[in-house]
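All remarks here apply to the structure that follows.
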Amino acid sequence: MQKLTNKLKGNKLAQIILLVLYVVVTSLSLYLAQASVTAFLLMLFSLLLLYYTELPVRLKWLIAGVVLIGVIPFVSSTGPGYQSYMEVATVVGIYVAMALGLNIVVGLAGLLDLGFVAFFAIGSYTYGIFATGQAANFMPFGSFPLSGNSFWIFILIGCFAAALFGVLLGIPVLRVKGDYLAIVTLGFGEIIRIVFNNLDKPVNITNGAMGLASVQPPEIFGYQFVYPNQFYYIVLGILLLVILAVRRFEFSKIGRSWKAVRENEIAAQSMGIHLVRTKLLAFAIGASFSGMMGVVFAAKQTFVDPTSFTLLESITILVMVILGGMGSVPGVILGAAVITILNLQVLTEVTNYLNQLSLDGVISFPEALSPAKMQRFIFGAILIVFAIYRPQGLIPAKNPVFDEESLKEGSKKHKKEQIAVEPDKGFQA
Amino acid sequence: MLAEILQSLPQVLVDGLALGAIYAVIALGYTMVYGILELINFAHGEIFMTGAFIGVAMLILMTGMGWLAAMPAILALILVLIVTSVLTGFMGVGIERMAYRPLRNSPKLITLISAIGVSFLLQDLVRFITEYKRGNYILTGPSMFNEQFSIKFSSISSSFSDAFFKTSTLILVVAVIIMMVGLDFFVNKTKWGMAMRAVAQDRETASLMSINVNRVISLTFFIGSALGGATGVLFAVQYGTIDPYIGFILGLKAFTAAVLGGIGNIRGAMAGGLMLGLLEMFAAANLQLLTGGIFGAEYKDVFAFAILIVVLIFKPEGLFGKAVTEKV
């Protein structure tokens with residue numbers, strides 16, 4: 001095995017061939033054995049393999065694009081499992097975007113936000129209220145529900161609404177000591193949920209615990225988005241923007257100030273970084289991703305109610321970030337995908353399998369132990385184990401290393417040399 | 001409006017006192033650990049919850065074996081309280097040993113994450129065990145100490161109405177007072193208490209003064225968790241029904257109480273807990289009246305968090321705490 005990996009290292013052609021072979025084999029198996037969840041998961045696994053190849057970055061993006069846009073929807077499209085696969089892929093996309101948002105707050109700026117789902121809720125309700133008849137209860141003008149064409153504007157509105165709430169929460173809170181932040185954000189998450197749950201009187205804004213039903217589906221030029229396979233492309237588009245934004249932020253001036261604040265607030269402040277403003281930016285940008293995906297979520301579910309935004313959701317997103325690696329974009333994407341698939345597919349499949357076994361009388365299996373109910377246990381265990389043994393996560397964050405000499409020369413050459421990376425020391429101390 | 005508020009005031013005071021007593025003891029656990037480790041022990045609310053479950057399980061077991069009928073109820077309760085607090089105490093020590101000690105030199109963020117993990121793990125473990133044994137994770141204890149008493153406030157002035165309370169409320173308040181006085185004595189007057197205060201002030205210097213820092217931290221966790229577990233039992237007896245998720249929101253409010261009284265300050269936590277309990281009961285009873293029906297009692301949790309945020313903004317050191325400047 002060791003020999004094989006050594007041989008593969010540096011041999012790009014072999015890597016490409018192996019990768020293509022892998023994609024073809026998994027595609028074929030998915031194409032032929034439609035009901036197999038395993039084949040679908042193996043198919044998604046090809047993206048992780050792609051990450052570990054040593055191909056040029058552009059080529060990697062191109063291959064990922066081909067696989068995500070073309071291959072996956074195509075090979076799963078023929079069988080009965082099509083919509084459920086696309087549903088999983090869409091939800092994965094939504095969570096990846098949210099986890100990337102939380103990654104900015106927790107991973108880069110080092111602020112523990114335990115109420116992150118609140119921003120998701122704000123995004124969802126922004127679209128949910130205006131795309132149902134609900135808004136007619138309190139808006140003095142206009143006719144509601146708004147048509148599905150407004151969805152595209154609402155993605156932006158949801159983004160800004162969430163960012164605004166991020167700032168509003170941040171202004172008072174970010175002045176106090178770091179670890180109070182966890183408690184206050186936790187409280188904020190609960191407050192938002194309670195408020196949405198009770199805001200059906202005196203003016204009925206959110207329809208309380210009943211939730212908002214039949215949200216208008218998005219629409220463009222008369223084409224309606226109803227099925228998961230259509231939402232898949234919307235999510236993919238937004239996700240691409242989010243990943244690009246995160247990448248740009250991470251290595252920009254603001255990204256470096258986030259990391260400085262994370263490592264040592266006082267030192268960062270003495271280097272001229274405006275603490276509150278930097279933290280607020282992290283809060284607002286992280287929240288805005290979540291808000292955008294909230295709008296998509298509302299449109300996809302066509303139903304919004306407060307039970308989708310519990311503390312467990314916030315912790316789930318946190319687990320994604322911790323599992324993947326704080327501050328590491330590929331890591332967080334992996335973490336989000338793993339946890340979502342675990343939640344949606346693996347746990348339910350295992351539960352069904354075990355139930356089947358106990359129905360057949362092979363083993364007697366207590367209902368209380370069914371894996372679908374053990375989410376909290378699994379997440380708790382992941383948090384503890386990763387905190388103690390691998391705080392840097394599955395794929396640790398990397399920092400570019402700058403060569404002093406070439407920087408001094410100021411030549412354009414140094415751009416090539418900065419590809420050399422070293423692991424981010426942040427959470428290993 | 002004022003007349004109505006006055007009318008219900010005696011009952012609000014009694015209920016608020018009972019709730020505040022519970023907050024106060026849980027807040028002690030938060031404040032002690034924070035004072036020594038600067039760590040928000042998220043699992044503390046879950047230790048309280050586990051204590052409630054252990055207590056109820058023991059009471060049910062004792063009823064089943066006929067012991068409860070054989071001995072005076074108060075004796076049974078004391079027995080249960082002692083056993084539960086020892087068990088939860090050791091649980092707290094174990095949690096510190098497994099989940100916090102390996103991380104003592106890591107960034108604080110990592111330790112917090114581990115604490116949240118412990119909290120979730122405990123919730124689900126208790127849920128699983130209860131559901132496995134009973135088929136349902138919501139547990140109702142045997143009914144004890146249900147005799148009603150009333151304090152005749154109406155005889156003082158006709159603008160008050162009478163306040164009613166159960167024997168269990170009386171037991172709760174007395175037990176909490178005993179716990180708090182005992183803890184205060186322990187921390188301020190004994191050698192171990194002095195060691196605890198020394199470690200809270202400066203861990204390294206304390207260790208130079210031949211104080212076994214690890215043992216003191218373990219002791220702190222033991223005492224905090226034992227008090228939390230005992231309060232859990234009292235809570236279960238007072239309110240009857242418990243589920244594995246009570247610890248979380250209650251713990252959050254108790255933490256609010258600890259912040260209100262100045263975190264790290266033991267007497268402050270007691271005062272903060274009582275104050276928060278009274279305020280919350282007052283809000284629950286009168287919020288609808290005060291806001292003209294816009295906000296109802298369902299916003300009482302929001303009210304507690306709003307207090308937390310207001311305290312953090314205007315007086316982050318708490319009502320009884322001293323402001324400290326950060327050392328570089």
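Ordering of the structure tokens sets the chain letters (A, B, ...), residue numbers begin anew at 1 in every chain, and ligands are numbered from 1 in the order given.
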Within 8 Å of chain A, which residues of chain B show up when using only C-alpha atoms, listed as number ranges by chain? B: 39-40, 99, 102-103, 105-111, 113-125, 128, 131-132, 135, 252, 293-294, 298-299, 301-302, 305, 308-309, 312-313, 316, 328
Which residues come within 12 Å of B:Tyr239, counting only C-alpha atoms, excluding same-chain residues fewer than 3 positions away, as a VMD selection string? chain B and resid 15 18 to 19 22 52 56 139 to 146 165 to 166 168 to 169 172 231 to 236 242 to 243 246
Could you write those residues out with C-alpha atoms, as a PDB file, in the first residue's frame?
```pdb
ATOM      1  CA  ASP B  15     -43.109  30.796  43.515  1.00  0.00           C
ATOM      2  CA  ALA B  18     -38.734  28.426  45.023  1.00  0.00           C
ATOM      3  CA  LEU B  19     -37.547  28.844  41.443  1.00  0.00           C
ATOM      4  CA  ILE B  22     -33.051  26.271  42.325  1.00  0.00           C
ATOM      5  CA  ALA B  52     -33.201  14.584  38.936  1.00  0.00           C
ATOM      6  CA  VAL B  56     -36.701   9.848  40.721  1.00  0.00           C
ATOM      7  CA  LEU B 139     -40.677  10.606  33.827  1.00  0.00           C
ATOM      8  CA  THR B 140     -43.130  11.372  36.608  1.00  0.00           C
ATOM      9  CA  GLY B 141     -41.961  10.759  40.145  1.00  0.00           C
ATOM     10  CA  PRO B 142     -44.063   9.394  42.992  1.00  0.00           C
ATOM     11  CA  SER B 143     -46.094  12.175  44.457  1.00  0.00           C
ATOM     12  CA  MET B 144     -44.705  13.284  47.787  1.00  0.00           C
ATOM     13  CA  PHE B 145     -45.110  16.239  50.122  1.00  0.00           C
ATOM     14  CA  ASN B 146     -48.226  17.487  48.440  1.00  0.00           C
ATOM     15  CA  PHE B 165     -47.389  26.527  48.653  1.00  0.00           C
ATOM     16  CA  LYS B 166     -46.720  22.833  49.084  1.00  0.00           C
ATOM     17  CA  SER B 168     -42.106  20.336  48.965  1.00  0.00           C
ATOM     18  CA  THR B 169     -41.557  24.045  48.451  1.00  0.00           C
ATOM     19  CA  LEU B 172     -36.760  22.894  48.829  1.00  0.00           C
ATOM     20  CA  THR B 231     -31.075  20.306  43.465  1.00  0.00           C
ATOM     21  CA  GLY B 232     -32.199  18.091  40.618  1.00  0.00           C
ATOM     22  CA  VAL B 233     -33.895  15.757  43.089  1.00  0.00           C
ATOM     23  CA  LEU B 234     -35.541  18.682  44.845  1.00  0.00           C
ATOM     24  CA  PHE B 235     -36.692  20.024  41.484  1.00  0.00           C
ATOM     25  CA  ALA B 236     -38.227  16.678  40.555  1.00  0.00           C
ATOM     26  CA  ILE B 242     -38.952  15.675  34.283  1.00  0.00           C
ATOM     27  CA  ASP B 243     -37.464  14.998  30.864  1.00  0.00           C
ATOM     28  CA  ILE B 246     -34.859  20.274  31.269  1.00  0.00           C
TER      29      ILE B 246
END
```
Please provide the set of residues having any atom within 6 Å of stretch 283-297 of chain A, restricted to only C-alpha atoms, with same-chain residues fewer than 5 positions apart removed, written as an NGL selection string. :A and (94 or 98 or 101-102 or 104-105 or 119-120 or 123-124 or 127 or 155 or 158-159 or 162-163 or 166-167)
Closest of A:Leu146, A:Leu49, A:Leu100, A:Ile363 to A:Ala245 - atom-to-atom distances counting only C-alpha atoms: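 Using only C-alpha atoms, the shortest distance to A:Ala245 belongs to A:Leu100.
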DSSP on the backbone: what in stretch 179-228 of chain A comes out helix (DSSP H, G or I), as a list in words?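 Those residues are Asp179, Tyr180, Leu181, Ala182, Ile183, Val184, Thr185, Leu186, Gly187, Phe188, Gly189, Glu190, Ile191, Ile192, Arg193, Ile194, Val195, Phe196, Asn197, Asn198, Gly208, Ala209, Met210 and Pro228 of chain A.
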Would you save the residues from that selection as a compact mmCIF listing (two decimals), in the first residue's frame, using N, CA, C and O atoms?
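The file below, selection_22.txt, is the result:
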```txt
# COMPACT_ATOMS: atom_id res chain seq x y z
N ASP A 179 -15.85 34.29 26.07
CA ASP A 179 -16.63 33.09 26.33
C ASP A 179 -18.08 33.38 26.71
O ASP A 179 -18.90 32.47 26.68
N TYR A 180 -18.40 34.62 27.03
CA TYR A 180 -19.81 34.93 27.23
C TYR A 180 -20.56 34.86 25.91
O TYR A 180 -21.76 34.64 25.87
N LEU A 181 -19.81 35.07 24.84
CA LEU A 181 -20.44 35.10 23.52
C LEU A 181 -21.20 33.81 23.25
O LEU A 181 -22.32 33.84 22.72
N ALA A 182 -20.60 32.67 23.64
CA ALA A 182 -21.25 31.39 23.40
C ALA A 182 -22.63 31.38 24.04
O ALA A 182 -23.63 31.01 23.41
N ILE A 183 -22.70 31.81 25.31
CA ILE A 183 -23.97 31.80 26.03
C ILE A 183 -24.96 32.77 25.40
O ILE A 183 -26.13 32.44 25.20
N VAL A 184 -24.49 33.96 25.05
CA VAL A 184 -25.42 34.96 24.53
C VAL A 184 -25.97 34.53 23.17
O VAL A 184 -27.17 34.64 22.91
N THR A 185 -25.12 33.97 22.32
CA THR A 185 -25.61 33.53 21.02
C THR A 185 -26.58 32.36 21.19
O THR A 185 -27.58 32.26 20.48
N LEU A 186 -26.27 31.51 22.16
CA LEU A 186 -27.19 30.42 22.49
C LEU A 186 -28.55 30.98 22.86
O LEU A 186 -29.59 30.54 22.35
N GLY A 187 -28.53 31.97 23.74
CA GLY A 187 -29.78 32.61 24.14
C GLY A 187 -30.47 33.26 22.95
O GLY A 187 -31.68 33.13 22.78
N PHE A 188 -29.69 33.90 22.09
CA PHE A 188 -30.26 34.57 20.92
C PHE A 188 -30.98 33.56 20.02
O PHE A 188 -32.09 33.82 19.55
N GLY A 189 -30.32 32.41 19.79
CA GLY A 189 -30.95 31.38 18.97
C GLY A 189 -32.30 30.97 19.53
O GLY A 189 -33.29 30.84 18.81
N GLU A 190 -32.35 30.81 20.87
CA GLU A 190 -33.62 30.42 21.50
C GLU A 190 -34.63 31.55 21.40
O GLU A 190 -35.81 31.32 21.13
N ILE A 191 -34.17 32.79 21.60
CA ILE A 191 -35.09 33.93 21.55
C ILE A 191 -35.75 33.99 20.19
O ILE A 191 -36.97 34.12 20.07
N ILE A 192 -34.95 33.88 19.13
CA ILE A 192 -35.50 33.97 17.78
C ILE A 192 -36.56 32.91 17.57
O ILE A 192 -37.64 33.16 17.03
N ARG A 193 -36.25 31.70 18.05
CA ARG A 193 -37.22 30.62 17.87
C ARG A 193 -38.51 30.91 18.65
O ARG A 193 -39.61 30.77 18.12
N ILE A 194 -38.35 31.34 19.90
CA ILE A 194 -39.54 31.62 20.71
C ILE A 194 -40.34 32.76 20.08
O ILE A 194 -41.58 32.70 20.01
N VAL A 195 -39.64 33.78 19.60
CA VAL A 195 -40.35 34.91 19.02
C VAL A 195 -41.10 34.48 17.76
O VAL A 195 -42.29 34.78 17.61
N PHE A 196 -40.46 33.73 16.88
CA PHE A 196 -41.16 33.27 15.68
C PHE A 196 -42.33 32.37 16.05
O PHE A 196 -43.35 32.35 15.37
N ASN A 197 -42.15 31.63 17.14
CA ASN A 197 -43.20 30.72 17.58
C ASN A 197 -44.43 31.46 18.12
O ASN A 197 -45.53 30.94 18.09
N ASN A 198 -44.22 32.69 18.59
CA ASN A 198 -45.31 33.41 19.25
C ASN A 198 -45.74 34.67 18.53
O ASN A 198 -46.57 35.41 19.04
N GLY A 208 -47.19 31.77 13.97
CA GLY A 208 -46.88 31.01 15.18
C GLY A 208 -46.42 29.59 14.93
O GLY A 208 -45.71 29.31 13.96
N ALA A 209 -46.86 28.69 15.80
CA ALA A 209 -46.41 27.30 15.72
C ALA A 209 -46.98 26.58 14.50
O ALA A 209 -46.50 25.53 14.12
N MET A 210 -48.04 27.16 13.91
CA MET A 210 -48.64 26.52 12.74
C MET A 210 -47.72 26.57 11.53
O MET A 210 -47.81 25.73 10.63
N PRO A 228 -36.53 18.60 -6.36
CA PRO A 228 -35.17 18.70 -5.84
C PRO A 228 -34.12 18.81 -6.93
O PRO A 228 -33.13 19.53 -6.76
```
Contacts of A:Val215 at 6 Å (only C-alpha atoms; same-chain gap of 6+ positions) as a PyMOL selection string: chain A and resi 128+131-132+302
Residues within 10 Å of B:Leu219, please, as number ranges by chain. Count only C-alpha atoms; anything in the same chain fewer than 3 positions from it doesn't count. B: 89-90, 92-93, 192-193, 196, 213-216, 222-225
Keeping C-alpha atoms for every residue in the selection just given, could you write it to a file as a compact mmCIF listing (two decimals), in the first residue's frame?
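Written file, again_35.txt:
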```
# COMPACT_ATOMS: atom_id res chain seq x y z
CA GLY B 89 -20.42 14.51 42.42
CA PHE B 90 -18.31 11.65 41.16
CA GLY B 92 -18.68 15.72 37.73
CA VAL B 93 -15.18 14.64 38.75
CA TRP B 192 -9.76 23.17 51.60
CA GLY B 193 -11.91 26.20 50.99
CA MET B 196 -9.95 26.63 46.44
CA VAL B 213 -4.12 22.02 42.11
CA ASN B 214 -5.59 18.99 40.35
CA ARG B 215 -7.12 17.73 43.53
CA VAL B 216 -8.60 21.13 44.32
CA PHE B 222 -17.34 17.31 43.08
CA ILE B 223 -18.98 19.94 45.26
CA GLY B 224 -20.57 21.83 42.38
CA SER B 225 -21.95 18.68 40.80
```
For A:Gly255, list every protein, DNA or RNA residue within 9 Å, evaluated using only C-alpha atoms, and leave out those in the same chain fewer than 3 positions away; present the list as a tab-separated table (two decimals) with all heavy atoms, in the first residue's frame.
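File written: part_22.tsv
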```tsv
chain	number	residue	atom	x	y	z
A	104	ILE	N	-16.39	30.89	9.14
A	104	ILE	CA	-15.80	32.22	9.23
A	104	ILE	C	-15.85	32.71	10.68
A	104	ILE	O	-14.89	33.24	11.21
A	104	ILE	CB	-16.54	33.20	8.30
A	104	ILE	CG1	-16.22	32.85	6.85
A	104	ILE	CG2	-16.14	34.63	8.59
A	104	ILE	CD1	-16.83	33.77	5.86
A	108	LEU	N	-12.29	31.08	11.63
A	108	LEU	CA	-11.34	32.14	11.30
A	108	LEU	C	-11.28	33.19	12.41
A	108	LEU	O	-10.21	33.59	12.82
A	108	LEU	CB	-11.72	32.80	9.97
A	108	LEU	CG	-11.59	31.91	8.74
A	108	LEU	CD1	-11.94	32.68	7.49
A	108	LEU	CD2	-10.20	31.34	8.62
A	109	ALA	N	-12.45	33.64	12.88
A	109	ALA	CA	-12.43	34.72	13.87
A	109	ALA	C	-12.41	34.19	15.30
A	109	ALA	O	-12.23	34.98	16.24
A	109	ALA	CB	-13.62	35.64	13.67
A	248	ARG	N	-11.70	34.09	-1.20
A	248	ARG	CA	-11.15	35.45	-1.35
A	248	ARG	C	-10.98	36.11	0.01
A	248	ARG	O	-9.99	36.78	0.26
A	248	ARG	CB	-12.07	36.31	-2.23
A	248	ARG	CG	-12.31	35.78	-3.61
A	248	ARG	CD	-11.09	35.69	-4.44
A	248	ARG	NE	-10.54	37.00	-4.79
A	248	ARG	CZ	-9.44	37.15	-5.50
A	248	ARG	NH1	-8.76	36.10	-5.93
A	248	ARG	NH2	-9.00	38.35	-5.80
A	249	PHE	N	-11.99	35.93	0.88
A	249	PHE	CA	-11.92	36.56	2.20
A	249	PHE	C	-10.75	36.03	3.01
A	249	PHE	O	-10.03	36.78	3.65
A	249	PHE	CB	-13.21	36.31	2.99
A	249	PHE	CG	-14.28	37.31	2.71
A	249	PHE	CD1	-15.53	36.92	2.27
A	249	PHE	CD2	-14.04	38.66	2.90
A	249	PHE	CE1	-16.52	37.84	2.01
A	249	PHE	CE2	-15.03	39.59	2.65
A	249	PHE	CZ	-16.27	39.17	2.21
A	250	GLU	N	-10.57	34.70	2.93
A	250	GLU	CA	-9.62	34.07	3.82
A	250	GLU	C	-8.21	34.65	3.67
A	250	GLU	O	-7.51	34.86	4.64
A	250	GLU	CB	-9.60	32.56	3.56
A	250	GLU	CG	-8.87	31.81	4.66
A	250	GLU	CD	-8.72	30.34	4.35
A	250	GLU	OE1	-9.41	29.84	3.43
A	250	GLU	OE2	-7.91	29.70	5.03
A	251	PHE	N	-7.82	34.91	2.43
A	251	PHE	CA	-6.45	35.37	2.22
A	251	PHE	C	-6.36	36.87	2.00
A	251	PHE	O	-5.34	37.39	1.58
A	251	PHE	CB	-5.82	34.62	1.05
A	251	PHE	CG	-5.78	33.15	1.30
A	251	PHE	CD1	-6.54	32.26	0.57
A	251	PHE	CD2	-5.01	32.65	2.35
A	251	PHE	CE1	-6.51	30.91	0.83
A	251	PHE	CE2	-4.97	31.30	2.62
A	251	PHE	CZ	-5.73	30.42	1.86
A	252	SER	N	-7.48	37.57	2.28
A	252	SER	CA	-7.44	39.02	2.13
A	252	SER	C	-6.99	39.64	3.45
A	252	SER	O	-6.69	38.96	4.42
A	252	SER	CB	-8.82	39.54	1.76
A	252	SER	OG	-9.66	39.38	2.86
A	258	TRP	N	-8.94	38.48	10.91
A	258	TRP	CA	-9.73	37.51	11.67
A	258	TRP	C	-8.82	36.53	12.40
A	258	TRP	O	-8.98	36.26	13.58
A	258	TRP	CB	-10.66	36.72	10.74
A	258	TRP	CG	-11.86	37.49	10.30
A	258	TRP	CD1	-12.44	38.52	10.97
A	258	TRP	CD2	-12.61	37.31	9.10
A	258	TRP	NE1	-13.51	38.99	10.26
A	258	TRP	CE2	-13.65	38.26	9.11
A	258	TRP	CE3	-12.52	36.43	8.03
A	258	TRP	CZ2	-14.58	38.36	8.09
A	258	TRP	CZ3	-13.44	36.52	7.01
A	258	TRP	CH2	-14.46	37.48	7.04
A	259	LYS	N	-7.84	36.00	11.63
A	259	LYS	CA	-6.96	35.02	12.25
A	259	LYS	C	-6.15	35.66	13.38
A	259	LYS	O	-5.92	35.03	14.42
A	259	LYS	CB	-6.01	34.43	11.21
A	259	LYS	CG	-6.73	33.46	10.30
A	259	LYS	CD	-5.76	32.85	9.31
A	259	LYS	CE	-6.51	32.13	8.22
A	259	LYS	NZ	-5.62	31.79	7.10
A	260	ALA	N	-5.74	36.91	13.17
A	260	ALA	CA	-4.97	37.59	14.23
A	260	ALA	C	-5.82	37.73	15.48
A	260	ALA	O	-5.35	37.48	16.60
A	260	ALA	CB	-4.52	38.95	13.73
A	282	ALA	N	-17.09	39.49	10.62
A	282	ALA	CA	-17.15	38.03	10.60
A	282	ALA	C	-18.58	37.57	10.87
A	282	ALA	O	-19.11	36.70	10.16
A	282	ALA	CB	-16.20	37.46	11.66
```
Identify, on the basis of only C-alpha atoms, every residue whose closest approach to A:Gly331 does not exceed 12 Å; exclude the query and any residue fewer than 3 positions from it along the same chain; express the result as a PyMOL selection string. chain A and resi 48+51-52+96+99-100+103+107+319-328+334-338+392-398
